[in-house]
Amino acid sequence: RRQHLHIHGCVFRACVPDDGREDLFTGATAVVHSTPSVYIARSAILMSAASTLPKAVVFDLDGCLWAPDMYMLWGGGAPFTRAETGTDLVDVRGSKVRMLGAVADVLAELKTSERWKERVVAVASCTDEPEWAQECLRKFDIGGGLCMKDTMHIEEIHKGNKQGHLQNIAAQTGIALEEMLFFDNERGNCVDVAQLGVTVAWVPEGVTAGAWASSLERFPEPGVIFDFRKGG
């Protein structure tokens, strides 16, 4: 349910769960029943009258922006070519790599919309084939003469706990972890990153239009994992 609270002369809308919600802000996995005051206390430092947009939006790659995972293309892989129709890429063995959900529209919005002008877009990936992933970033067409890579300011593509990826992005940008929104299709990565105080969207079906819109509407909720197992 939603409630409106008045704090220091401003009106804030709080989403208050009736049946509990997972909160990892403390660094532990727990299901909590939060009150409006808890939600406002946790996020008030991030909210302003001007905007509640995240200062950084961070995406995983495999299973989040595209499918299949790069390792599933072993025996084929690079070089990739654009399919004759549509937006798919095709590897040397003829296997297709496709963008998921509303990824093209979301990335195009982040690149072209004025409201995102001062924001950072980043990648945090542990893909098994970083060079293949780089080629896909360059070759996936998101419209308007843009490719995926055109939208990215920072790329953290390497093995390791995703906490390290996000901490590196914070160090490079000076953006607080609580001011970031992170998308990943793998539950374990979401748990790790939420423990840092990042607002996290768990998107097993990739970044869908519903997951994107809902995550922006609910941001910021530091340490909370939004569950989009049904695509949002």
# chains A, B, ... in the order shown; residues from 1 in each chain; ligands from 1
$ residues_around --residues "range 141-143 of chain A" --least-positions-apart "5" --cutoff "8 Å" --atoms "only C-alpha atoms" --output "MDAnalysis selection string"
chainID A and resid 87 104:105 107:108 148
$ write_last_selection --atoms "N, CA and C atoms" --output "compact mmCIF listing (two decimals), in the first residue's frame"
# COMPACT_ATOMS: atom_id res chain seq x y z
N THR A 87 17.15 -7.58 -34.57
CA THR A 87 18.31 -7.04 -33.86
C THR A 87 19.26 -8.12 -33.36
N ALA A 104 16.77 -2.46 -25.55
CA ALA A 104 17.08 -1.43 -26.56
C ALA A 104 16.44 -0.10 -26.18
N ASP A 105 15.18 -0.13 -25.79
CA ASP A 105 14.47 1.11 -25.43
C ASP A 105 15.05 1.74 -24.17
N LEU A 107 18.16 1.45 -22.91
CA LEU A 107 19.48 2.04 -23.17
C LEU A 107 19.38 3.29 -24.03
N ALA A 108 18.47 3.28 -25.00
CA ALA A 108 18.27 4.48 -25.82
C ALA A 108 17.78 5.64 -24.97
N MET A 148 24.92 -0.60 -28.18
CA MET A 148 24.93 -0.70 -26.72
C MET A 148 26.11 0.05 -26.10
$ select_by_dssp --residues "range 43-225 of chain A" --states "strand (DSSP E or B)" --output "JSON, numbers by chain"
{"A": [56, 57, 58, 59, 62, 66, 67, 81, 82, 89, 90, 96, 97, 98, 99, 120, 121, 122, 123, 124, 125, 141, 142, 143, 146, 147, 154, 155, 156, 157, 180, 181, 182, 183, 184, 199, 200, 201, 202, 224, 225]}
$ closest_residue --among "A:Gly63, A:Gly174, A:Pro130, A:Gly76" --to "Glu205 in chain A" --atoms "only C-alpha atoms"
A:Gly63
$ residues_around --residues "range 118-124 of chain A" --least-positions-apart "4" --cutoff "9 Å" --atoms "only C-alpha atoms" --output "NGL selection string"
:A and (53-61 or 107 or 110-111 or 114 or 151-158 or 162 or 165-166 or 169 or 173 or 182 or 184)
$ write_last_selection --atoms "C-alpha atoms" --output "compact mmCIF listing (two decimals), in the first residue's frame"
# COMPACT_ATOMS: atom_id res chain seq x y z
CA LEU A 53 16.52 9.17 -10.25
CA PRO A 54 19.57 7.02 -9.52
CA LYS A 55 22.86 8.76 -10.16
CA ALA A 56 24.23 5.54 -11.64
CA VAL A 57 22.43 2.68 -13.38
CA VAL A 58 24.48 -0.52 -13.53
CA PHE A 59 23.71 -3.58 -15.64
CA ASP A 60 24.94 -7.14 -15.73
CA LEU A 61 25.35 -8.49 -19.28
CA LEU A 107 19.48 2.04 -23.17
CA LEU A 110 19.48 6.54 -20.92
CA LYS A 111 21.54 7.88 -23.82
CA GLU A 114 17.58 14.97 -20.98
CA THR A 151 25.47 4.19 -23.80
CA MET A 152 28.10 2.95 -21.34
CA HIS A 153 30.37 5.25 -19.34
CA ILE A 154 32.11 2.58 -17.25
CA GLU A 155 32.68 -1.11 -17.95
CA GLU A 156 33.66 -3.45 -15.12
CA ILE A 157 33.94 -6.77 -16.98
CA HIS A 158 35.99 -9.29 -15.04
CA LYS A 162 29.97 -8.18 -7.89
CA HIS A 165 32.53 -4.24 -9.46
CA LEU A 166 30.13 -1.82 -7.77
CA ILE A 169 32.29 2.13 -10.02
CA THR A 173 32.59 8.25 -10.10
CA PHE A 182 21.71 -2.36 -10.20
CA ASP A 184 21.16 -8.62 -12.51
$ closest_residue --among "A:Asn161, A:Thr112, A:Ser215, A:Thr208" --to "Gly144 in chain A" --atoms "only C-alpha atoms"
A:Thr112
$ residues_around --residues "range 65-74 of chain A" --least-positions-apart "6" --cutoff "10 Å" --atoms "only C-alpha atoms" --output "count of residues only"
36
$ closest_residue --among "A:Asp227, A:Glu84, A:Glu109, A:Glu135" --to "Val191 in chain A" --atoms "only C-alpha atoms"
A:Asp227
